[in-house]
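**Q** Below you will find the structure I want to go over with you.
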Amino acid sequence: MAKPAKNPPDISTLTKPKAKIELMRLSLEMEAHNKRYYQDDAPTVSDADYDALRRRVEAIEAKFPDLVTGASPTQTVGAAPARGFTKVQHVVPMLSLGNAFSDEEVTEFVERIQRFLKLDEIPAIVAEPKIDGLSLSLRYENGELIRAATRGDGFTGEDVTANVRTIKDIPTTLKGKHIPAACELRGEVYMLKSDFLALNKKQEEAGDTVFANPRNSAAGSLRQKDVAITASRPLKFFAYAWGEMSDYPMAEPTQHAMIAWLGKVGFTVNPEITSCKSVDDALAFYRRIGEIRAKLGYDIDGVVYKVDRIDWQARLGFAGRAPRWAIAHKFAAEQATTVLEKIDIQVGRTGALTPVARLTPITVGGVVVSNATLHNADYIAGIGNDGQPLRDGVDIREGDTVIVQRAGDVIPQVVNVALDKRPKSAKPYEFPTKCPVCGSHAIRENDEVVTRCTGALVCPAQAVEKLKHFVSRLAFDIDGLGDKQIQEFYDEGIIMHPVDIFTLAKRDERNTKKLRDREGYGETSVRNLFAAIDDRRKIELNRLIFALGIRHIGEGNAKLLARHYGSFTAFREAMLAAAAGQGSEENTSEAYADLNAIDGVGEIVADAVVEFFAEKRNVKALDELLSEIEVLDVAQAKTDTPVAGKTVVFTGSLTKFTRDEAKAGAERLGAKVAGSVSKKTDYVVAGEDAGSKLTKARDLGVAVLTEDEWLALIGG
Ligand code: IVH
């Protein structure tokens, strides 16, 4: 087994040969951990330590991308390195609460307690908001946090210690003297509504998961394998309960004293918590919290009443899975009835069409609601995500009287339709087949619920994102034209379509207001920008295809297509022929069959390209662009060179050329470049510090060349 390095070298000072050695050491170490974790069920490091190893590999590989090999732990398919959370048994189970939905049920709860304890008087009650998050149990030994676990099924939770250590509201050391030797402190992890909305906005822009409500986003943020992600999320915590305590820290053990103590040792406790002497007090608390609910920064779904005296809590104990000494008084879901005046379609930056209900404004739980999301075509039609009927299969129509709900969710939902109020004239909603923003056709891909606009090149809703993609590194890669400049030029109407990039200089010449007079620009930077643009008037076919921003066409697929068609003309013609066959049940055109048959191109990719070309506006925009640029043909592999048809492996650190240059050069001359040495290898070109591949080449008797010998062979 590889030994962990005592003082691992600083990544910023690593030379390439050293980096390679460090990567090898790290992957051996991770491999050993994987085996102990997956096969032996006996890991010897914490998830956090394991994640740290992985992050170190990623950092080194980011610095030396050509050291990434198929064997790297970052390249393992199926992600064995993504580890689950370890299970934790709760010493004191984390049970749930019984519910009360009416004042009577609260009265009955208190009477039950009186009977059980044979009390004449009303027991003192503590009333607390019921935070809508997820509960955690934190174990402290001698004042130090040693383990954090989720509730799980109440008996067994998940170890989230490393994640929890990133939450500022949770102290790693308890403050003050006389801390009991062992304390298990409990409470709720949650996210502020404002933080949830901001996070969702960021997630959406990055094309990542969007959460349905603050509770889901808190849970999703906590349960991350990569602790760095948890650390970047604004999680908060209210402490309100405890499990095992070696002893109680105060003279008179009560709920309210315990809450005060939790505040003193470093936790945030909810400021609304109140002591009540009567049922009326408790109900008044419930009403007051209900009134301020919308104004609280976090979601709550009711209030919790708890018997104050801890000795009484102990005597009352549990009935089933809920305590006799506490109950949750739930808020009715905040609902209201209003009229759905109109269904509008919004087009997001990725081209997704989202239906929005325009409502006659109505107050729901203290907030005026005039819009609600309708999610997608299925939701309107009364079909759930799982294909099962929603609302008994009742569809939503313009003119319907609908029930709107804000239940813990910040985003209002249309949950039901009052069918008896449906106007006679109301017709089933027809989901648009054209993008309302640009008029391109909108389609639903197989198995997807989302309808998308196909006008990648022309849709203003998507334009900025597509333009940013167009100039990005693997696409046109234009120096001085990044996200910021694209946004600026787009906002001012200077660059609206890809072709505008290439007519920028010409137009600037004619304009009286010149680019060079803009803030942040000058004579030189504008000259450099124009030169960088001119530099890219000649572009490789694969880069052009990638730049179009067609769904599912990444760098790899763009290369496959470019190699197959060889020239832009051939590609364009074939795609138009394939697009002509689109629309009917099945595309039977020869061009489509040919596209589908490319090794590595599946139906999803083929359909996406064909959809793009089926939209005339895209073709027009593309042709306009082509009047300004020249697309280079893909060089056909040569057959008349000394290395044509030979298989070459480059290994070690190369000094005369980069790995990419070596590879491209060899391929231009008709050689095949392989990643590993076998009997079929003709040449191994070994640079400095060549390792196992060199040894293997020698063992197999494969010809080994220095860089200079290789250059001599190919004629410089
Ligand atoms: S006390 C033995 N107090 O509600 C039960 N729970 O429905 C101890 N919750 O799992 C729970 N706010 O996640 C308690 N102030 C509060 C609470 C609260 C939210 C959650 C908690 C629990 C669930 C039970």
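In the structure tokens, the first chain shown is A, the next is B, and so on; residue numbers restart at 1 for each chain, and ligands run from 1 in the order shown.
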Can you tell me which residues sit at most 7 Å away from ligand 1, counting only C-alpha atoms and all ligand atoms, written as a PyMOL selection string?

**A** chain A and resi 94-97+128-135+187-188+240-241+304+322-323+328

**Q** Show me, as a ChimeraX atom specification, the residues that have an atom within 12 Å of Asp500 in chain A when counting only C-alpha atoms, minus same-chain residues fewer than 5 positions from it.

**A** /A:467,470,486,489-490,493-495,505-508,533,621-622,624-629

**Q** Can you list every residue in range 628-682 of chain A that DSSP puts in alpha helix (DSSP H), as a list in words?

**A**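 Result set for range 628-682 of chain A (alpha helix (DSSP H)): Arg659, Asp660, Glu661, Ala662, Lys663, Ala664, Gly665, Ala666, Glu667 and Arg668 of chain A.
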
**Q** Which one is closest to His441 in chain A: A:Ala608, A:Leu374, A:Ala614, A:Leu595? Count only C-alpha atoms.

**A**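 When distances to His441 in chain A are compared using only C-alpha atoms, the smallest one comes from A:Ala614.
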
**Q** Do you have the CA of Val356 in chain A-CA of Tyr379 in chain A distance handy?

**A**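 Computing the Euclidean distance for CA of Val356 in chain A and CA of Tyr379 in chain A yields 11.3 Å.
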
**Q** Which of these, A:Val68, A:Ile396, A:Val368, A:Leu283, has the shortest distance to Gln335 in chain A once you count only C-alpha atoms?

**A**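 For Gln335 in chain A, the nearest of the given residues is A:Val368.
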
**Q** Using only C-alpha atoms, which residue out of A:Pro93, A:Gly220, A:Gly154, A:Gly670 lies closest to Gly243 in chain A?

**A**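 Selected residue with least distance to Gly243 in chain A: A:Pro93.
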
**Q** Env of range 234-238 of chain A: 6 Å cut, atoms = only C-alpha atoms, seq-sep filter 6 positions within chain, self excluded. Answer as a PDB file with all heavy atoms, in the first residue's frame.

**A**
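Written output follows (around.pdb):
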ATOM      1  N   ASP A 169     -23.133  28.605  12.168  1.00  0.00           N
ATOM      2  CA  ASP A 169     -24.017  28.613  13.339  1.00  0.00           C
ATOM      3  C   ASP A 169     -23.737  27.455  14.294  1.00  0.00           C
ATOM      4  O   ASP A 169     -24.305  27.424  15.388  1.00  0.00           O
ATOM      5  CB  ASP A 169     -25.485  28.466  12.891  1.00  0.00           C
ATOM      6  CG  ASP A 169     -26.101  29.806  12.528  1.00  0.00           C
ATOM      7  OD1 ASP A 169     -25.429  30.831  12.726  1.00  0.00           O
ATOM      8  OD2 ASP A 169     -27.250  29.811  12.053  1.00  0.00           O
ATOM      9  N   GLY A 187     -31.157  20.093  16.642  1.00  0.00           N
ATOM     10  CA  GLY A 187     -31.860  21.260  16.111  1.00  0.00           C
ATOM     11  C   GLY A 187     -32.053  21.119  14.621  1.00  0.00           C
ATOM     12  O   GLY A 187     -31.963  20.017  14.080  1.00  0.00           O
ATOM     13  N   GLU A 188     -32.315  22.245  13.996  1.00  0.00           N
ATOM     14  CA  GLU A 188     -32.733  22.223  12.596  1.00  0.00           C
ATOM     15  C   GLU A 188     -31.771  23.010  11.712  1.00  0.00           C
ATOM     16  O   GLU A 188     -31.467  24.162  11.991  1.00  0.00           O
ATOM     17  CB  GLU A 188     -34.136  22.854  12.526  1.00  0.00           C
ATOM     18  CG  GLU A 188     -34.929  22.469  11.325  1.00  0.00           C
ATOM     19  CD  GLU A 188     -35.725  21.169  11.537  1.00  0.00           C
ATOM     20  OE1 GLU A 188     -35.510  20.491  12.574  1.00  0.00           O
ATOM     21  OE2 GLU A 188     -36.537  20.847  10.665  1.00  0.00           O
ATOM     22  N   VAL A 189     -31.309  22.363  10.634  1.00  0.00           N
ATOM     23  CA  VAL A 189     -30.543  23.070   9.606  1.00  0.00           C
ATOM     24  C   VAL A 189     -31.554  23.652   8.635  1.00  0.00           C
ATOM     25  O   VAL A 189     -32.491  22.969   8.236  1.00  0.00           O
ATOM     26  CB  VAL A 189     -29.625  22.118   8.822  1.00  0.00           C
ATOM     27  CG1 VAL A 189     -28.903  22.857   7.706  1.00  0.00           C
ATOM     28  CG2 VAL A 189     -28.635  21.471   9.742  1.00  0.00           C
ATOM     29  N   TYR A 190     -31.375  24.908   8.259  1.00  0.00           N
ATOM     30  CA  TYR A 190     -32.330  25.516   7.329  1.00  0.00           C
ATOM     31  C   TYR A 190     -31.610  26.534   6.471  1.00  0.00           C
ATOM     32  O   TYR A 190     -30.433  26.830   6.687  1.00  0.00           O
ATOM     33  CB  TYR A 190     -33.481  26.176   8.115  1.00  0.00           C
ATOM     34  CG  TYR A 190     -33.038  27.371   8.933  1.00  0.00           C
ATOM     35  CD1 TYR A 190     -33.193  28.669   8.441  1.00  0.00           C
ATOM     36  CD2 TYR A 190     -32.422  27.202  10.172  1.00  0.00           C
ATOM     37  CE1 TYR A 190     -32.774  29.764   9.173  1.00  0.00           C
ATOM     38  CE2 TYR A 190     -31.988  28.296  10.914  1.00  0.00           C
ATOM     39  CZ  TYR A 190     -32.169  29.574  10.407  1.00  0.00           C
ATOM     40  OH  TYR A 190     -31.731  30.648  11.124  1.00  0.00           O
ATOM     41  N   MET A 191     -32.336  27.071   5.503  1.00  0.00           N
ATOM     42  CA  MET A 191     -31.763  28.114   4.659  1.00  0.00           C
ATOM     43  C   MET A 191     -32.725  29.288   4.638  1.00  0.00           C
ATOM     44  O   MET A 191     -33.949  29.091   4.573  1.00  0.00           O
ATOM     45  CB  MET A 191     -31.549  27.580   3.238  1.00  0.00           C
ATOM     46  CG  MET A 191     -30.577  28.411   2.420  1.00  0.00           C
ATOM     47  SD  MET A 191     -30.302  27.738   0.771  1.00  0.00           S
ATOM     48  CE  MET A 191     -29.055  26.522   1.074  1.00  0.00           C
ATOM     49  N   THR A 268     -27.289  29.412  17.967  1.00  0.00           N
ATOM     50  CA  THR A 268     -28.347  30.373  17.722  1.00  0.00           C
ATOM     51  C   THR A 268     -29.636  29.679  18.124  1.00  0.00           C
ATOM     52  O   THR A 268     -29.879  28.545  17.712  1.00  0.00           O
ATOM     53  CB  THR A 268     -28.418  30.742  16.232  1.00  0.00           C
ATOM     54  OG1 THR A 268     -27.127  31.157  15.821  1.00  0.00           O
ATOM     55  CG2 THR A 268     -29.416  31.856  15.992  1.00  0.00           C
ATOM     56  N   VAL A 269     -30.416  30.337  18.967  1.00  0.00           N
ATOM     57  CA  VAL A 269     -31.714  29.768  19.303  1.00  0.00           C
ATOM     58  C   VAL A 269     -32.775  30.707  18.751  1.00  0.00           C
ATOM     59  O   VAL A 269     -32.536  31.901  18.569  1.00  0.00           O
ATOM     60  CB  VAL A 269     -31.903  29.556  20.827  1.00  0.00           C
ATOM     61  CG1 VAL A 269     -31.014  28.429  21.313  1.00  0.00           C
ATOM     62  CG2 VAL A 269     -31.635  30.819  21.602  1.00  0.00           C
TER      63      VAL A 269
END

**Q** Using only C-alpha atoms, which residues sit within 12 Å of Arg287 in chain A once same-chain residues fewer than 3 positions away are excluded, as a list in words?

**A**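 Once the nearby chain positions are removed, what remains is Ser102, Asp103, Ala127, Pro129, Asp280, Asp281, Ala282, Leu283, Ala284, Gly290, Glu291, Ile292, Arg293, Gly302, Val303, His329, Lys330, Phe331 and Ala332 of chain A.
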
**Q** Kindly save the residues from that selection, with C-alpha atoms included, as an mmCIF file, in the first residue's frame.

**A**
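Result file is again-v9.cif:
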data_model
loop_
_atom_site.group_PDB
_atom_site.id
_atom_site.type_symbol
_atom_site.label_atom_id
_atom_site.label_comp_id
_atom_site.auth_asym_id
_atom_site.auth_seq_id
_atom_site.Cartn_x
_atom_site.Cartn_y
_atom_site.Cartn_z
ATOM 1 C CA SER A 102 -57.193 22.718 15.546
ATOM 2 C CA ASP A 103 -57.462 24.569 18.866
ATOM 3 C CA ALA A 127 -43.994 27.293 22.439
ATOM 4 C CA PRO A 129 -41.813 27.936 15.794
ATOM 5 C CA ASP A 280 -54.879 30.440 25.581
ATOM 6 C CA ASP A 281 -51.298 31.700 25.833
ATOM 7 C CA ALA A 282 -50.178 28.894 23.550
ATOM 8 C CA LEU A 283 -52.928 29.576 21.006
ATOM 9 C CA ALA A 284 -52.159 33.305 21.070
ATOM 10 C CA GLY A 290 -49.108 32.764 11.865
ATOM 11 C CA GLU A 291 -49.442 36.485 11.275
ATOM 12 C CA ILE A 292 -45.724 37.177 11.065
ATOM 13 C CA ARG A 293 -44.979 33.940 9.229
ATOM 14 C CA GLY A 302 -46.371 25.324 12.431
ATOM 15 C CA VAL A 303 -45.454 25.737 16.067
ATOM 16 C CA HIS A 329 -49.635 22.607 15.820
ATOM 17 C CA LYS A 330 -49.538 22.807 12.035
ATOM 18 C CA PHE A 331 -50.488 25.775 9.916
ATOM 19 C CA ALA A 332 -53.044 25.056 7.277
#

**Q** Using only C-alpha atoms for the distances, tell me which of A:Thr373, A:Asn542, A:Ser425, A:Ser137 is nearest to Gln405 in chain A.

**A**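 Under the stated criterion, the closest residue is A:Thr373.
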
**Q** Taking into account only C-alpha atoms, which residue in the set A:Tyr286, A:Thr254, A:Glu707, A:Asp640 is nearest to Ala662 in chain A?

**A**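 Among the listed residues, A:Glu707 lies closest to Ala662 in chain A.
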
**Q** Might you pull out every residue within 12 Å of Pro460 in chain A, with only C-alpha atoms counted and same-chain residues fewer than 6 positions away left off, and present them as an mmCIF file with N, CA, C and O atoms, in the first residue's frame?

**A**
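See result.cif below for the written result:
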data_model
loop_
_atom_site.group_PDB
_atom_site.id
_atom_site.type_symbol
_atom_site.label_atom_id
_atom_site.label_comp_id
_atom_site.auth_asym_id
_atom_site.auth_seq_id
_atom_site.Cartn_x
_atom_site.Cartn_y
_atom_site.Cartn_z
ATOM 1 N N VAL A 347 -39.323 32.093 -21.772
ATOM 2 C CA VAL A 347 -38.230 31.311 -22.348
ATOM 3 C C VAL A 347 -36.960 31.603 -21.554
ATOM 4 O O VAL A 347 -36.545 32.749 -21.429
ATOM 5 N N GLY A 348 -36.401 30.565 -20.974
ATOM 6 C CA GLY A 348 -35.206 30.730 -20.147
ATOM 7 C C GLY A 348 -33.955 30.831 -20.998
ATOM 8 O O GLY A 348 -34.003 30.703 -22.227
ATOM 9 N N ARG A 349 -32.848 31.036 -20.326
ATOM 10 C CA ARG A 349 -31.606 31.262 -21.060
ATOM 11 C C ARG A 349 -31.083 30.015 -21.742
ATOM 12 O O ARG A 349 -30.195 30.065 -22.563
ATOM 13 N N THR A 350 -31.628 28.855 -21.360
ATOM 14 C CA THR A 350 -31.207 27.629 -22.030
ATOM 15 C C THR A 350 -32.242 27.214 -23.063
ATOM 16 O O THR A 350 -32.145 26.139 -23.630
ATOM 17 N N GLY A 351 -33.256 28.075 -23.265
ATOM 18 C CA GLY A 351 -34.251 27.773 -24.283
ATOM 19 C C GLY A 351 -35.460 27.014 -23.764
ATOM 20 O O GLY A 351 -36.348 26.666 -24.533
ATOM 21 N N CYS A 435 -41.527 28.993 -30.421
ATOM 22 C CA CYS A 435 -40.986 29.818 -29.338
ATOM 23 C C CYS A 435 -41.646 31.191 -29.385
ATOM 24 O O CYS A 435 -41.615 31.852 -30.424
ATOM 25 N N PRO A 436 -42.270 31.643 -28.267
ATOM 26 C CA PRO A 436 -42.958 32.933 -28.292
ATOM 27 C C PRO A 436 -41.982 34.101 -28.435
ATOM 28 O O PRO A 436 -42.390 35.209 -28.749
ATOM 29 N N VAL A 437 -40.713 33.862 -28.212
ATOM 30 C CA VAL A 437 -39.753 34.960 -28.303
ATOM 31 C C VAL A 437 -39.223 35.112 -29.723
ATOM 32 O O VAL A 437 -39.166 36.213 -30.261
ATOM 33 N N CYS A 438 -38.841 34.006 -30.367
ATOM 34 C CA CYS A 438 -38.200 34.137 -31.680
ATOM 35 C C CYS A 438 -38.969 33.459 -32.805
ATOM 36 O O CYS A 438 -38.626 33.625 -33.969
ATOM 37 N N GLY A 439 -39.997 32.686 -32.472
ATOM 38 C CA GLY A 439 -40.794 32.059 -33.521
ATOM 39 C C GLY A 439 -40.223 30.755 -34.056
ATOM 40 O O GLY A 439 -40.843 30.098 -34.873
ATOM 41 N N SER A 440 -39.041 30.353 -33.583
ATOM 42 C CA SER A 440 -38.484 29.064 -34.023
ATOM 43 C C SER A 440 -39.344 27.947 -33.459
ATOM 44 O O SER A 440 -40.050 28.145 -32.467
ATOM 45 N N CYS A 453 -36.928 25.699 -27.167
ATOM 46 C CA CYS A 453 -36.821 26.441 -28.420
ATOM 47 C C CYS A 453 -35.599 25.918 -29.170
ATOM 48 O O CYS A 453 -34.547 25.706 -28.574
ATOM 49 N N THR A 454 -35.742 25.680 -30.481
ATOM 50 C CA THR A 454 -34.600 25.163 -31.244
ATOM 51 C C THR A 454 -33.823 26.283 -31.934
ATOM 52 O O THR A 454 -32.866 26.016 -32.643
ATOM 53 N N LYS A 466 -25.685 32.023 -25.797
ATOM 54 C CA LYS A 466 -25.148 31.388 -27.009
ATOM 55 C C LYS A 466 -23.935 32.162 -27.524
ATOM 56 O O LYS A 466 -22.970 31.561 -27.999
ATOM 57 N N LEU A 467 -23.999 33.479 -27.437
ATOM 58 C CA LEU A 467 -22.849 34.271 -27.897
ATOM 59 C C LEU A 467 -21.634 34.025 -27.004
ATOM 60 O O LEU A 467 -20.507 33.909 -27.484
ATOM 61 N N TYR A 490 -24.008 43.116 -26.206
ATOM 62 C CA TYR A 490 -25.368 42.666 -26.476
ATOM 63 C C TYR A 490 -26.366 43.687 -25.931
ATOM 64 O O TYR A 490 -27.300 44.095 -26.618
ATOM 65 N N ASP A 491 -26.136 44.099 -24.686
ATOM 66 C CA ASP A 491 -27.050 45.058 -24.061
ATOM 67 C C ASP A 491 -27.156 46.336 -24.881
ATOM 68 O O ASP A 491 -28.197 46.989 -24.898
ATOM 69 N N GLY A 493 -26.774 46.493 -28.120
ATOM 70 C CA GLY A 493 -27.201 46.223 -29.498
ATOM 71 C C GLY A 493 -26.054 46.200 -30.490
ATOM 72 O O GLY A 493 -26.272 46.289 -31.697
ATOM 73 N N ILE A 495 -23.553 43.682 -30.644
ATOM 74 C CA ILE A 495 -23.414 42.301 -31.127
ATOM 75 C C ILE A 495 -24.674 41.535 -30.726
ATOM 76 O O ILE A 495 -24.912 41.295 -29.551
ATOM 77 N N MET A 496 -25.480 41.211 -31.715
ATOM 78 C CA MET A 496 -26.720 40.490 -31.443
ATOM 79 C C MET A 496 -26.661 39.072 -31.986
ATOM 80 O O MET A 496 -27.344 38.175 -31.505
ATOM 81 N N HIS A 497 -25.888 38.872 -33.042
ATOM 82 C CA HIS A 497 -25.764 37.565 -33.694
ATOM 83 C C HIS A 497 -24.284 37.280 -33.906
ATOM 84 O O HIS A 497 -23.484 38.209 -33.968
#
